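Peer 1: Structure provided below as structure tokens; questions to follow.
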Amino acid sequence: MHPLARLDHRYVWHPFTQMRDWLRQEPIIIVSGRGSRLYDVHGREFLDANSSIWTNLHGHNHPRLNAALTRQLRKIAHSSALGLANEPAARLAAELVRAARTPRASGPALTKVFYSDDGSTALEVALKLAYEFTRRTRGPGSRPRFLSLEGAYHGDTLGAVALGHIPLFHRTWRKLLFPTDTVMAPYCYRCPFNRARPERADARTYRQCRWECVDAVAGRLEQQKKRRGEPYAAFVLEPLIQGAAGMIPQPAGWLARVSELARAQGVLLIADEVMTGFGRTGLPEPRRLSASHAPLFACQHEKVRPDFLCLAKGLTGGYLPLAATLTTRAVFDAFLGRYDEFKTFFHGHSYTANQLGTATALENLKLLQSRGSFRARIRLQECLARELAALWAVPQVGDIRQVGLVAGVELVRDWTTREPFDLREQAGIRVCQAMARRGVLTRPIGNVVVLMPPYCTRPREVRQIIHTLAEACEEVFGKTPPRGRSGTRRRARP
Ligand SMILES: Cc1ncc(COP(=O)(O)O)c(C=O)c1O
């Protein structure tokens, strides 16, 4: 075993990892990266098919991000945001506000930026601000309560965990948490209201339903108002696609509809774009857009302006931990007052507005708005759509769901009935391990294999990733003949 592997085994405790299994094998130890590829201590090369847990955008070791970071490093790495301002943080805030503009959308503009360190803290900030804003605007009798989606994941700090609804991750901490409510999330492939039989196509395209998922939100909002005498303080959601829930995309129009329902009751909208932000959800009509007008955030696809926009992961292009919570003038103003009114937002972190992070994030935004990145994103989105189709030939593939530059491939025991694999069988884990042996790295969410390569990934590399996934399925499940009907595509009800 490599000496670094021995050190790791001896001292490091890895996140979301059963360490007993981890200690049984030599880990892959990454020493360098370039573009879409990672290299380990033995000189092996891997494709980074999940962008290093959804963080990387333009590829590793990017010359422009490297240069921005080293330029800043020559000046200063960090000074406190408590009592001091700094150049890249001020510039970045202005650029984020500009990037988040959504013309012709209803709802207030996002004009203020609160920095923190990662996705979880971006959500904590939104949560605390929404809570206090609600109490201040509705009066001291108000008991602000939050609504989030089934299967939601918003991070691992306790506030974020309270908003989460994945029993495997969240159940243990229940007694430490404040109560929140949950509402049905659209999950067309496994929706109890979808009357369509499984086909070899994305379930959103052939579903047969009456938008019961929207009715469920309407019902939940009404119920809260009637039972508790006041609407929810905020509705927290990931727009267009829920990530850690299993890459579960929303049918077109769902986001706009539920946002309108919430707004009509004065419920604040908290958009968690930790995973979906910075172009990850692609381009709705690529050919009609220009690089500078391409939406960078999922909410913009449906012309939704949230009251809080939570950003992290891709904010620095996958370089450094930095997060931002954007909010409105109205929220900001509710915290203004004379010092002795103690309306200050008493929250912050030692590394808030760190210069290395904010300088890198500024360059990341410039890159995203460049023509080169725009073209790379179109190419990757179209290439993914083309190549993913080959996976319908794999009998264990039940659903393939792509939103822009993200895809989830759900593995099932029997696609004709949607019968899932038991989690204990570790189908997703075994397939990803087989992919790693073939030089492609990603992590599953249960039985869903996530494909989310950096934007610089070339068409032949996308083909390699998809081909490797198919081969890994064959290794893990054996060569099984395709089952059931071949299935034809039908149009979804509008
Ligand atoms: C949607 C979403 N929100 C929040 C988080 C938490 O982010 P972090 O791991 O940076 O704390 C994640 C992480 O995967 C996420 O996917």
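Convention: chains lettered A, B, ... in structure tokens order; per-chain residue numbering from 1; ligands numbered from 1 as shown.
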Need the shell around A:Arg413: protein/DNA/RNA residues with any atom at most 9 Å away, counting only C-alpha atoms. Skip same-chain ones fewer than 2 positions apart. Format as a PyMOL selection string?

Peer 2: chain A and resi 395-398+411+415+417-422

Peer 1: Do you know which residues are at most 9 Å from A:Gly348 counting only C-alpha atoms, after dropping those on the same chain fewer than 2 positions away, and could you put them as a PyMOL selection string?

Peer 2: chain A and resi 81-82+115-116+125+345-346+350-352

Peer 1: Can you tell me, as number ranges by chain, which residues in stretch 46-78 of chain A count as strand (DSSP E or B) by DSSP?

Peer 2: A: 46-48, 60

Peer 1: Using the selection just defined, write its residues with C-alpha atoms as a compact mmCIF listing (two decimals), in the first residue's frame.

Peer 2:
# COMPACT_ATOMS: atom_id res chain seq x y z
CA PHE A 46 -9.43 9.19 -14.44
CA LEU A 47 -12.26 11.17 -16.00
CA ASP A 48 -13.91 13.32 -13.34
CA HIS A 60 -9.03 21.36 -13.18

Peer 1: Within 9 Å of ligand 1, which residues show up when you count only C-alpha atoms and all ligand atoms? List them as a PyMOL selection string, please.

Peer 2: chain A and resi 53-55+117-123+152-157+160+237-238+242-245+272-276+310-313+321-323

Peer 1: For the selection you just gave me, I'd like the residues written to a file as a compact mmCIF listing (two decimals), in the first residue's frame, keeping C-alpha atoms.

Peer 2:
# COMPACT_ATOMS: atom_id res chain seq x y z
CA ILE A 53 -18.79 16.33 -6.13
CA TRP A 54 -20.52 18.90 -8.37
CA THR A 55 -18.07 21.73 -7.74
CA ASP A 117 -18.27 29.22 3.36
CA ASP A 118 -20.24 26.36 1.80
CA GLY A 119 -23.66 25.23 0.70
CA SER A 120 -24.87 24.41 4.18
CA THR A 121 -23.95 27.81 5.56
CA ALA A 122 -25.55 29.55 2.56
CA LEU A 123 -28.79 27.82 3.58
CA ALA A 152 -34.87 17.42 0.08
CA TYR A 153 -31.21 17.81 0.95
CA HIS A 154 -29.88 21.25 1.84
CA GLY A 155 -26.69 20.45 3.74
CA ASP A 156 -25.43 18.98 7.00
CA THR A 157 -25.47 21.78 9.55
CA ALA A 160 -30.04 22.73 6.86
CA LEU A 237 -36.55 24.24 -2.90
CA GLU A 238 -33.96 23.29 -5.45
CA GLN A 242 -33.32 18.02 -6.85
CA GLY A 243 -29.73 16.79 -6.60
CA ALA A 244 -29.04 14.61 -3.58
CA ALA A 245 -32.66 13.41 -3.61
CA ASP A 272 -31.10 26.45 -3.15
CA GLU A 273 -28.91 26.69 -6.24
CA VAL A 274 -25.88 25.16 -4.57
CA MET A 275 -25.95 22.36 -7.14
CA THR A 276 -27.99 23.91 -9.96
CA CYS A 310 -28.17 30.28 -2.12
CA LEU A 311 -24.92 29.67 -3.99
CA ALA A 312 -21.77 27.65 -3.27
CA LYS A 313 -20.05 24.66 -5.00
CA PRO A 321 -14.94 26.90 -0.36
CA LEU A 322 -17.02 30.04 -0.71
CA ALA A 323 -20.76 30.64 -0.57

Peer 1: How many Å separate atom CA of A:Gly372 from atom CA of A:His301?

Peer 2: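 Distance between the two atoms: 21.2 Å.
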
Peer 1: One number please: atom CA of A:Arg207 to atom CA of A:Pro444, in Å, one decimal.

Peer 2: 25.0 Å

Peer 1: Compile the contact shell of A:Thr70 as a ChimeraX atom specification: residues with an atom at most 12 Å away, counting only C-alpha atoms, same-chain residues fewer than 2 positions apart removed.

Peer 2: /A:63-68,72-77,355-357,359-360,363

Peer 1: What is the atom CA of A:Phe235-atom CA of A:Arg204 distance in Å, reported with one decimal?

Peer 2: 23.4 Å

Peer 1: Of the candidates A:Gly43, A:Gly282, A:Pro179, A:Gly446, which shows the shortest atom-to-atom distance to A:Arg424, using only C-alpha atoms?

Peer 2: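 Between A:Gly43, A:Gly282, A:Pro179, A:Gly446, the residue approaching A:Arg424 most closely is A:Gly446.
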
Peer 1: Using only C-alpha atoms, which residues sit within 9 Å of stretch 161-164 of chain A once same-chain residues fewer than 5 positions away are excluded, as a PyMOL selection string?

Peer 2: chain A and resi 120+146-156+169-170+173-174+176-182+236

Peer 1: May I have the residues within 9 Å of A:Ser32 as number ranges by chain, using only C-alpha atoms and disregarding those fewer than 5 positions away in the same chain?

Peer 2: A: 37-41, 60-61

Peer 1: Pick out the residues sitting within 10 Å of A:Glu461, and hand them over as a PyMOL selection string; count only C-alpha atoms, and ignore anything fewer than 2 positions along from it in its own chain.

Peer 2: chain A and resi 36-37+47+49+440+453+456-459+463-467

Peer 1: Could the residues in this selection be written to a file with N, CA, C and O atoms, as a short mmCIF file (atom, residue, chain, number, x, y, z; two decimals), in the first residue's frame?

Peer 2:
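Saved as selection_0.cif:
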data_model
loop_
_atom_site.label_atom_id
_atom_site.label_comp_id
_atom_site.auth_asym_id
_atom_site.auth_seq_id
_atom_site.Cartn_x
_atom_site.Cartn_y
_atom_site.Cartn_z
N SER A 36 -10.68 17.82 -17.66
CA SER A 36 -11.69 16.89 -17.15
C SER A 36 -11.06 15.69 -16.46
O SER A 36 -11.77 14.75 -16.12
N ARG A 37 -9.73 15.70 -16.31
CA ARG A 37 -9.04 14.50 -15.81
C ARG A 37 -8.35 14.68 -14.46
O ARG A 37 -7.88 15.78 -14.15
N LEU A 47 -11.36 10.08 -15.61
CA LEU A 47 -12.26 11.17 -16.00
C LEU A 47 -13.08 11.55 -14.76
O LEU A 47 -13.60 10.67 -14.06
N ALA A 49 -16.14 12.39 -13.66
CA ALA A 49 -17.50 12.41 -14.21
C ALA A 49 -18.53 13.03 -13.27
O ALA A 49 -19.71 13.13 -13.63
N VAL A 440 -13.18 5.94 -14.73
CA VAL A 440 -14.19 7.01 -14.69
C VAL A 440 -14.70 7.14 -13.25
O VAL A 440 -15.16 6.17 -12.66
N PRO A 453 -20.15 15.94 -15.71
CA PRO A 453 -18.73 16.24 -15.98
C PRO A 453 -18.47 17.74 -16.08
O PRO A 453 -19.40 18.52 -16.30
N CYS A 456 -15.67 21.45 -19.73
CA CYS A 456 -14.66 21.32 -20.79
C CYS A 456 -14.60 19.88 -21.33
O CYS A 456 -13.80 19.59 -22.21
N THR A 457 -15.44 18.99 -20.80
CA THR A 457 -15.39 17.58 -21.21
C THR A 457 -15.73 17.46 -22.71
O THR A 457 -16.73 18.01 -23.16
N ARG A 458 -14.90 16.75 -23.44
CA ARG A 458 -15.06 16.66 -24.90
C ARG A 458 -16.02 15.54 -25.27
O ARG A 458 -16.18 14.59 -24.50
N PRO A 459 -16.60 15.61 -26.48
CA PRO A 459 -17.57 14.58 -26.89
C PRO A 459 -17.03 13.15 -26.76
O PRO A 459 -17.73 12.26 -26.29
N ARG A 463 -18.60 10.11 -24.50
CA ARG A 463 -18.86 8.75 -25.01
C ARG A 463 -18.18 7.72 -24.14
O ARG A 463 -18.75 6.69 -23.79
N GLN A 464 -16.95 8.03 -23.71
CA GLN A 464 -16.20 7.09 -22.86
C GLN A 464 -16.93 6.89 -21.52
O GLN A 464 -17.03 5.78 -21.02
N ILE A 465 -17.44 7.97 -20.96
CA ILE A 465 -18.14 7.87 -19.67
C ILE A 465 -19.38 6.98 -19.80
O ILE A 465 -19.62 6.08 -19.00
N ILE A 466 -20.15 7.22 -20.86
CA ILE A 466 -21.40 6.47 -21.04
C ILE A 466 -21.10 5.00 -21.33
O ILE A 466 -21.73 4.10 -20.77
N HIS A 467 -20.10 4.78 -22.18
CA HIS A 467 -19.72 3.42 -22.54
C HIS A 467 -19.25 2.68 -21.28
O HIS A 467 -19.59 1.52 -21.05
#

Peer 1: Would you list, as a PyMOL selection string, the residues of stretch 313-429 of chain A that end up in alpha helix (DSSP H) under DSSP run on this structure's backbone?

Peer 2: chain A and resi 329-333+355-368+371-388+427-429

Peer 1: Would you mind listing what lies within 6 Å of A:Thr316 as a PyMOL selection string, with only C-alpha atoms counted and same-chain residues fewer than 2 positions away left out?

Peer 2: chain A and resi 314+318-320+360-361

Peer 1: Those selected residues, please, written with N, CA, C and O atoms and delivered as a compact mmCIF listing (two decimals), in the first residue's frame.

Peer 2:
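Output (result-v6.txt):
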# COMPACT_ATOMS: atom_id res chain seq x y z
N GLY A 314 -20.10 25.63 -7.28
CA GLY A 314 -19.48 26.15 -8.50
C GLY A 314 -19.11 27.62 -8.43
O GLY A 314 -18.55 28.16 -9.38
N GLY A 318 -15.06 25.53 -8.53
CA GLY A 318 -14.58 24.27 -7.93
C GLY A 318 -13.21 24.42 -7.30
O GLY A 318 -12.53 23.42 -7.04
N TYR A 319 -12.78 25.65 -7.03
CA TYR A 319 -11.44 25.87 -6.49
C TYR A 319 -11.39 25.97 -4.97
O TYR A 319 -10.52 25.41 -4.33
N LEU A 320 -12.29 26.76 -4.41
CA LEU A 320 -12.19 27.08 -2.98
C LEU A 320 -13.57 27.10 -2.34
O LEU A 320 -14.56 27.37 -3.01
N THR A 360 -11.17 34.40 -7.16
CA THR A 360 -11.32 33.27 -8.09
C THR A 360 -12.75 33.24 -8.64
O THR A 360 -12.96 32.97 -9.83
N ALA A 361 -13.72 33.53 -7.77
CA ALA A 361 -15.12 33.53 -8.21
C ALA A 361 -15.36 34.60 -9.28
O ALA A 361 -16.14 34.38 -10.21

Peer 1: Give me the residues of stretch 51-148 of chain A that have any atom at most 10 Å from an atom of stretch 283-298 of chain A; for each, the nearest atom pair and the distance in Å, rounded to one decimal. Use only C-alpha atoms, sort by chain and number, and format it as a tab-separated table.

Peer 2:
residue	atom	partner	partner_atom	distance
A:Ala99	CA	A:Leu296	CA	7.1
A:Ala100	CA	A:Phe297	CA	7.2
A:Arg101	CA	A:Pro295	CA	9.3
A:Thr102	CA	A:Pro295	CA	8.5

Peer 1: Looking at A:Ser142, A:Gln381, A:Asn50, A:Gln25, which one is nearest to A:Ile445, with distances taken over only C-alpha atoms?

Peer 2: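 Under the stated criterion, the closest residue is A:Asn50.
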
Peer 1: Pick the closest to A:Arg401 from A:Gly266, A:Pro249, A:Gly277, A:Pro306: which is it, counting only C-alpha atoms?

Peer 2: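 Looking only at the distances to A:Arg401, the closest residue turns out to be A:Pro249.
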